[in-house]
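Enquirer: Provided herewith: target34.cif, mmCIF, C-alpha atoms.
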data_coords
loop_
_atom_site.label_atom_id
_atom_site.label_comp_id
_atom_site.auth_asym_id
_atom_site.auth_seq_id
_atom_site.Cartn_x
_atom_site.Cartn_y
_atom_site.Cartn_z
CA VAL O 1 9.50 7.21 11.92
CA GLN O 2 7.96 10.49 10.79
CA LEU O 3 4.34 11.16 9.87
CA GLN O 4 3.10 13.97 7.65
CA ALA O 5 -0.64 14.63 7.61
CA SER O 6 -2.13 16.69 4.82
CA GLY O 7 -5.34 17.34 2.93
CA GLY O 8 -7.28 19.45 5.38
CA GLY O 9 -9.10 22.61 4.44
CA LEU O 10 -12.35 24.49 4.40
CA VAL O 11 -15.37 22.69 2.99
CA GLN O 12 -19.12 23.23 3.04
CA THR O 13 -21.55 20.94 4.80
CA GLY O 14 -22.05 17.82 2.71
CA GLY O 15 -18.68 18.12 1.04
CA SER O 16 -15.76 15.71 0.99
CA LEU O 17 -12.09 15.72 1.80
CA ARG O 18 -9.37 13.11 1.66
CA LEU O 19 -6.67 13.28 4.27
CA SER O 20 -3.29 11.66 3.69
CA CYS O 21 -0.77 10.42 6.20
CA LYS O 22 2.66 9.91 4.67
CA ILE O 23 4.95 7.71 6.71
CA SER O 24 8.70 7.96 6.28
CA GLY O 25 11.68 6.38 7.94
CA PRO O 26 12.94 2.83 8.39
CA SER O 27 10.62 -0.16 8.22
CA THR O 28 7.49 1.85 7.45
CA SER O 29 5.59 -1.32 6.57
CA ARG O 30 5.67 -2.41 10.21
CA TYR O 31 3.31 0.25 11.46
CA ALA O 32 -0.37 0.30 12.25
CA VAL O 33 -1.93 3.72 11.76
CA GLY O 34 -4.75 5.56 13.44
CA TRP O 35 -6.57 8.79 12.73
CA PHE O 36 -7.71 11.00 15.56
CA ARG O 37 -9.29 14.41 15.78
CA GLN O 38 -9.47 17.16 18.34
CA ALA O 39 -12.02 19.92 18.30
CA PRO O 40 -11.53 23.12 20.32
CA GLY O 41 -12.12 22.49 24.00
CA LYS O 42 -12.55 18.76 23.53
CA GLU O 43 -10.40 15.71 24.06
CA ARG O 44 -8.68 13.99 21.19
CA GLU O 45 -10.88 11.19 19.88
CA PHE O 46 -10.38 8.14 17.71
CA VAL O 47 -11.75 8.38 14.17
CA GLY O 48 -10.39 5.36 12.36
CA GLY O 49 -7.50 2.96 12.17
CA ILE O 50 -5.92 0.29 10.06
CA THR O 51 -3.64 -2.59 10.93
CA ARG O 52 -0.15 -3.01 9.58
CA SER O 53 -1.35 -5.57 7.04
CA GLY O 54 -4.32 -3.45 6.02
CA GLY O 55 -6.55 -6.43 6.69
CA THR O 56 -8.52 -4.82 9.49
CA LYS O 57 -10.03 -1.35 9.44
CA THR O 58 -12.07 0.23 12.17
CA ILE O 59 -14.14 3.41 11.96
CA ALA O 60 -15.61 5.18 14.97
CA ASP O 61 -19.38 4.97 15.32
CA SER O 62 -19.63 8.77 15.15
CA VAL O 63 -18.41 8.79 11.54
CA LYS O 64 -19.31 5.32 10.35
CA GLY O 65 -20.95 5.32 6.96
CA ARG O 66 -19.29 8.62 6.04
CA PHE O 67 -15.57 8.04 6.61
CA THR O 68 -13.38 5.27 5.27
CA ILE O 69 -9.74 4.42 5.77
CA SER O 70 -7.35 2.85 3.32
CA LYS O 71 -3.65 2.46 2.67
CA ASP O 72 -1.30 2.44 -0.28
CA SER O 73 1.69 0.41 0.86
CA GLY O 74 3.69 1.35 -2.21
CA LYS O 75 3.40 5.00 -1.27
CA ASN O 76 3.68 4.45 2.51
CA THR O 77 0.50 6.46 2.86
CA VAL O 78 -2.74 5.97 4.76
CA TYR O 79 -5.84 7.84 3.66
CA LEU O 80 -8.94 9.01 5.47
CA GLN O 81 -11.76 9.65 3.03
CA MET O 82 -14.38 11.89 4.58
CA ASN O 83 -17.74 12.28 2.87
CA THR O 84 -20.95 14.08 3.79
CA LEU O 85 -19.06 16.31 6.17
CA LYS O 86 -20.89 18.07 8.97
CA PRO O 87 -19.95 21.14 11.03
CA GLU O 88 -19.32 18.86 14.00
CA ASP O 89 -16.50 17.23 12.03
CA THR O 90 -14.54 20.46 12.34
CA ALA O 91 -11.29 19.66 14.15
CA VAL O 92 -7.58 19.19 13.80
CA TYR O 93 -7.02 15.71 12.44
CA TYR O 94 -3.93 13.77 13.45
CA CYS O 95 -2.47 10.53 12.23
CA ALA O 96 -0.48 8.31 14.54
CA ALA O 97 1.57 5.15 14.17
CA LYS O 98 2.56 2.17 16.25
CA GLN O 99 4.98 -0.54 15.29
CA THR O 100 3.31 -3.93 15.49
CA ILE O 101 3.81 -7.53 14.48
CA LEU O 102 2.12 -8.74 11.31
CA SER O 103 -0.29 -11.09 13.07
CA ILE O 104 -2.01 -8.30 15.01
CA SER O 105 -5.55 -8.14 13.65
CA SER O 106 -7.14 -5.55 15.88
CA VAL O 107 -6.97 -1.80 15.56
CA TYR O 108 -5.64 0.35 18.37
CA THR O 109 -8.13 3.05 19.34
CA ASP O 110 -6.50 4.68 22.36
CA THR O 111 -4.23 7.68 21.93
CA ASN O 112 -1.87 6.24 24.55
CA GLU O 113 -1.15 3.26 22.35
CA TYR O 114 0.47 5.33 19.62
CA PRO O 115 4.01 6.64 20.21
CA TYR O 116 4.39 8.48 16.91
CA TRP O 117 2.25 11.41 15.80
CA GLY O 118 2.02 13.72 12.84
CA GLN O 119 1.58 17.46 13.14
CA GLY O 120 -2.15 17.57 12.39
CA THR O 121 -4.20 19.06 9.60
CA LEU O 122 -7.16 21.38 10.14
CA VAL O 123 -10.56 20.51 8.74
CA THR O 124 -13.22 23.20 8.88
CA VAL O 125 -16.76 22.45 7.78
CA SER O 126 -18.94 25.49 7.27
CA SER O 127 -22.70 25.38 7.75
#
Using C-alpha cells, write down the structure that the file contains.
Expert:
Amino acid sequence: VQLQASGGGLVQTGGSLRLSCKISGPSTSRYAVGWFRQAPGKEREFVGGITRSGGTKTIADSVKGRFTISKDSGKNTVYLQMNTLKPEDTAVYYCAAKQTILSISSVYTDTNEYPYWGQGTLVTVSS
C-alpha cells in the first residue's frame, strides 16, 4: 500500500488547512489510518486516527476541538481538517496505515503500530 499526504502550506495564526491522505494499492479498505506530526527537534506525536470502518475517530487532546478527521471511502482518502491553527502546530504531518480486521473499534495511537507511512507534508503557521 502507498500513502500520499498533501495539503500542507503556510498559513497565518487562526487559519485553516485540510490535509489529505490518499491510499493506493490492493485492499485499501482494510486499513486504519493515523495522522502524526513532527516538529523540529521533537519526537513524532499522534494527532488523530480513524478505524478501518470509520466508526471510531480519535483526536489528541492537544488539538481536540480544533482538528477533525474523516474519510471518503470512495476516494480512498482520509482527511485531517485543521482549524484555528497556532504556531505550535507547525510541523511535518504524516499519515500512516495499518491493515486491520473490520471489528477493530479502537484507534492506534503509537507510531510503532503503523507499518506504512506517507512522505509527510509541511504545515507552517506564522504568528
Enquirer: With all atoms listed in the file as the atoms that count, which of O:Glu88, O:Trp117, O:Lys98, O:Thr51 lies nearest to O:Phe36?
Expert: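 Going through O:Glu88, O:Trp117, O:Lys98, O:Thr51 one by one, the smallest distance to O:Phe36 is for O:Trp117.
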Enquirer: Calculate how many Å separate atom CA of O:Gln119 from atom CA of O:Ile104, rounding to one decimal.
Expert: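 Straight-line distance from atom CA of O:Gln119 to atom CA of O:Ile104 works out to 26.1 Å.
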Enquirer: Can you list what the PyMOL selection byres ((chain O and resi 54) around 10) grabs from this structure, as an MDAnalysis selection string?
Expert: chainID O and resid 32:33 49:53 55:57 69:73 78 102 105
Enquirer: What's the separation between atom CA of O:Leu10 and atom CA of O:Ser127, in Å to one decimal place?
Expert: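 Atom CA of O:Ser127 lies 10.9 Å from atom CA of O:Leu10.
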Enquirer: What does the distance between atom CA of O:Val11 and atom CA of O:Ala39 come to in Å, to one decimal place?
Expert: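 Going from atom CA of O:Val11 over to atom CA of O:Ala39, I get 15.9 Å.
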Enquirer: Let me make sure I understand: among O:Gln4, O:Asn76, O:Thr13, O:Gln81, which one has the smallest atom-to-atom distance to O:Val125 if we use all atoms listed in the file?
Expert: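 Among O:Gln4, O:Asn76, O:Thr13, O:Gln81, it is O:Thr13 that comes nearest to O:Val125.
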Enquirer: Can you tell me, as a PyMOL selection string, what residues are no more than 12 Å from O:Ser16 when counting all atoms listed in the file, ignoring any on the same chain fewer than 3 positions away?
Expert: chain O and resi 7-13+19+66-68+80-86+89+123-125
Enquirer: Taking C-alpha atoms for each residue, export the selection above as a compact mmCIF listing (two decimals), keeping the file's coordinate frame.
Expert:
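Final file, selection-v3.txt:
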# COMPACT_ATOMS: atom_id res chain seq x y z
CA GLY O 7 -5.34 17.34 2.93
CA GLY O 8 -7.28 19.45 5.38
CA GLY O 9 -9.10 22.61 4.44
CA LEU O 10 -12.35 24.49 4.40
CA VAL O 11 -15.37 22.69 2.99
CA GLN O 12 -19.12 23.23 3.04
CA THR O 13 -21.55 20.94 4.80
CA LEU O 19 -6.67 13.28 4.27
CA ARG O 66 -19.29 8.62 6.04
CA PHE O 67 -15.57 8.04 6.61
CA THR O 68 -13.38 5.27 5.27
CA LEU O 80 -8.94 9.01 5.47
CA GLN O 81 -11.76 9.65 3.03
CA MET O 82 -14.38 11.89 4.58
CA ASN O 83 -17.74 12.28 2.87
CA THR O 84 -20.95 14.08 3.79
CA LEU O 85 -19.06 16.31 6.17
CA LYS O 86 -20.89 18.07 8.97
CA ASP O 89 -16.50 17.23 12.03
CA VAL O 123 -10.56 20.51 8.74
CA THR O 124 -13.22 23.20 8.88
CA VAL O 125 -16.76 22.45 7.78
Enquirer: For O:Thr58, which residue out of O:Gly74, O:Gly34, O:Pro40, O:Gly25 is the nearest one, using all atoms listed in the file?
Expert: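 Among O:Gly74, O:Gly34, O:Pro40, O:Gly25, it is O:Gly34 that comes nearest to O:Thr58.
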Enquirer: With distances taken over only C-alpha atoms, which of O:Val107, O:Leu17, O:Val63, O:Ala5 is nearest to O:Tyr93?
Expert: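 For O:Tyr93, the nearest of the candidates is O:Ala5.
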Enquirer: Quick one: of O:Ser106, O:Ala91, O:Ile101, O:Leu122, who's nearest to O:Glu43, counting all atoms listed in the file?
Expert: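 Once distances to O:Glu43 are computed over all atoms listed in the file, the minimum belongs to O:Ala91.
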Enquirer: Quick one: axis-aligned box around all listed atoms of stretch 81-96 of chain O, 4 Å on every side, centre and edge lengths in Å to one decimal, written as AutoDock Vina command-line options.
Expert:
--center_x -10.7 --center_y 14.7 --center_z 8.7 --size_x 28.5 --size_y 20.8 --size_z 19.7
Enquirer: Missing atoms in stretch 83-94 of chain O: can you complete it with all heavy atoms, as an mmCIF file, in the frame of the given file?
Expert:
data_model
loop_
_atom_site.group_PDB
_atom_site.id
_atom_site.type_symbol
_atom_site.label_atom_id
_atom_site.label_comp_id
_atom_site.auth_asym_id
_atom_site.auth_seq_id
_atom_site.Cartn_x
_atom_site.Cartn_y
_atom_site.Cartn_z
ATOM 1 N N ASN O 83 -16.614 11.852 3.707
ATOM 2 C CA ASN O 83 -17.740 12.280 2.870
ATOM 3 C C ASN O 83 -18.879 12.807 3.748
ATOM 4 O O ASN O 83 -18.915 12.552 4.950
ATOM 5 C CB ASN O 83 -18.240 11.104 2.035
ATOM 6 C CG ASN O 83 -17.191 10.566 1.091
ATOM 7 O OD1 ASN O 83 -16.348 11.299 0.574
ATOM 8 N ND2 ASN O 83 -17.222 9.260 0.870
ATOM 9 N N THR O 84 -19.781 13.522 3.115
ATOM 10 C CA THR O 84 -20.950 14.080 3.790
ATOM 11 C C THR O 84 -20.546 14.769 5.092
ATOM 12 O O THR O 84 -21.073 14.501 6.181
ATOM 13 C CB THR O 84 -21.989 12.966 4.082
ATOM 14 O OG1 THR O 84 -22.081 12.064 2.983
ATOM 15 C CG2 THR O 84 -23.368 13.580 4.322
ATOM 16 N N LEU O 85 -19.604 15.642 4.985
ATOM 17 C CA LEU O 85 -19.060 16.310 6.170
ATOM 18 C C LEU O 85 -20.088 17.211 6.827
ATOM 19 O O LEU O 85 -20.948 17.807 6.155
ATOM 20 C CB LEU O 85 -17.816 17.106 5.781
ATOM 21 C CG LEU O 85 -16.561 16.235 5.595
ATOM 22 C CD1 LEU O 85 -15.500 16.974 4.778
ATOM 23 C CD2 LEU O 85 -16.013 15.805 6.933
ATOM 24 N N LYS O 86 -19.983 17.283 8.146
ATOM 25 C CA LYS O 86 -20.890 18.070 8.970
ATOM 26 C C LYS O 86 -20.079 19.092 9.767
ATOM 27 O O LYS O 86 -18.877 18.882 10.016
ATOM 28 C CB LYS O 86 -21.642 17.168 9.937
ATOM 29 C CG LYS O 86 -22.394 16.024 9.288
ATOM 30 C CD LYS O 86 -23.013 15.113 10.332
ATOM 31 C CE LYS O 86 -23.752 13.953 9.701
ATOM 32 N NZ LYS O 86 -24.347 13.049 10.722
ATOM 33 N N PRO O 87 -20.694 20.155 10.219
ATOM 34 C CA PRO O 87 -19.950 21.140 11.030
ATOM 35 C C PRO O 87 -19.296 20.528 12.263
ATOM 36 O O PRO O 87 -18.206 20.964 12.666
ATOM 37 C CB PRO O 87 -21.045 22.150 11.410
ATOM 38 C CG PRO O 87 -22.016 22.082 10.283
ATOM 39 C CD PRO O 87 -22.050 20.639 9.878
ATOM 40 N N GLU O 88 -19.904 19.505 12.817
ATOM 41 C CA GLU O 88 -19.320 18.860 14.000
ATOM 42 C C GLU O 88 -18.075 18.042 13.690
ATOM 43 O O GLU O 88 -17.406 17.546 14.600
ATOM 44 C CB GLU O 88 -20.353 17.986 14.722
ATOM 45 C CG GLU O 88 -21.086 17.006 13.834
ATOM 46 C CD GLU O 88 -22.437 17.543 13.365
ATOM 47 O OE1 GLU O 88 -22.534 18.724 12.989
ATOM 48 O OE2 GLU O 88 -23.399 16.726 13.372
ATOM 49 N N ASP O 89 -17.751 17.894 12.418
ATOM 50 C CA ASP O 89 -16.500 17.230 12.030
ATOM 51 C C ASP O 89 -15.324 18.203 12.058
ATOM 52 O O ASP O 89 -14.170 17.786 11.865
ATOM 53 C CB ASP O 89 -16.622 16.643 10.629
ATOM 54 C CG ASP O 89 -17.644 15.524 10.540
ATOM 55 O OD1 ASP O 89 -17.690 14.685 11.465
ATOM 56 O OD2 ASP O 89 -18.399 15.488 9.542
ATOM 57 N N THR O 90 -15.599 19.462 12.284
ATOM 58 C CA THR O 90 -14.540 20.460 12.340
ATOM 59 C C THR O 90 -13.583 20.152 13.489
ATOM 60 O O THR O 90 -14.000 19.999 14.639
ATOM 61 C CB THR O 90 -15.126 21.869 12.534
ATOM 62 O OG1 THR O 90 -15.883 22.215 11.373
ATOM 63 C CG2 THR O 90 -14.032 22.904 12.742
ATOM 64 N N ALA O 91 -12.307 20.025 13.154
ATOM 65 C CA ALA O 91 -11.290 19.660 14.150
ATOM 66 C C ALA O 91 -9.925 19.638 13.480
ATOM 67 O O ALA O 91 -9.820 19.715 12.246
ATOM 68 C CB ALA O 91 -11.586 18.274 14.737
ATOM 69 N N VAL O 92 -8.913 19.516 14.305
ATOM 70 C CA VAL O 92 -7.580 19.190 13.800
ATOM 71 C C VAL O 92 -7.491 17.668 13.770
ATOM 72 O O VAL O 92 -7.770 17.001 14.772
ATOM 73 C CB VAL O 92 -6.469 19.776 14.677
ATOM 74 C CG1 VAL O 92 -5.105 19.350 14.152
ATOM 75 C CG2 VAL O 92 -6.582 21.302 14.722
ATOM 76 N N TYR O 93 -7.121 17.147 12.621
ATOM 77 C CA TYR O 93 -7.020 15.710 12.440
ATOM 78 C C TYR O 93 -5.554 15.297 12.484
ATOM 79 O O TYR O 93 -4.711 15.887 11.805
ATOM 80 C CB TYR O 93 -7.652 15.297 11.104
ATOM 81 C CG TYR O 93 -9.158 15.305 11.157
ATOM 82 C CD1 TYR O 93 -9.869 16.509 11.222
ATOM 83 C CD2 TYR O 93 -9.884 14.121 11.162
ATOM 84 C CE1 TYR O 93 -11.253 16.524 11.292
ATOM 85 C CE2 TYR O 93 -11.273 14.120 11.225
ATOM 86 C CZ TYR O 93 -11.936 15.327 11.296
ATOM 87 O OH TYR O 93 -13.319 15.324 11.370
ATOM 88 N N TYR O 94 -5.279 14.270 13.284
ATOM 89 C CA TYR O 94 -3.930 13.770 13.450
ATOM 90 C C TYR O 94 -3.855 12.308 13.018
ATOM 91 O O TYR O 94 -4.786 11.535 13.254
ATOM 92 C CB TYR O 94 -3.522 13.825 14.927
ATOM 93 C CG TYR O 94 -3.512 15.190 15.533
ATOM 94 C CD1 TYR O 94 -4.651 15.719 16.138
ATOM 95 C CD2 TYR O 94 -2.352 15.950 15.544
ATOM 96 C CE1 TYR O 94 -4.649 16.979 16.715
ATOM 97 C CE2 TYR O 94 -2.327 17.217 16.129
ATOM 98 C CZ TYR O 94 -3.477 17.709 16.697
ATOM 99 O OH TYR O 94 -3.463 18.967 17.279
#
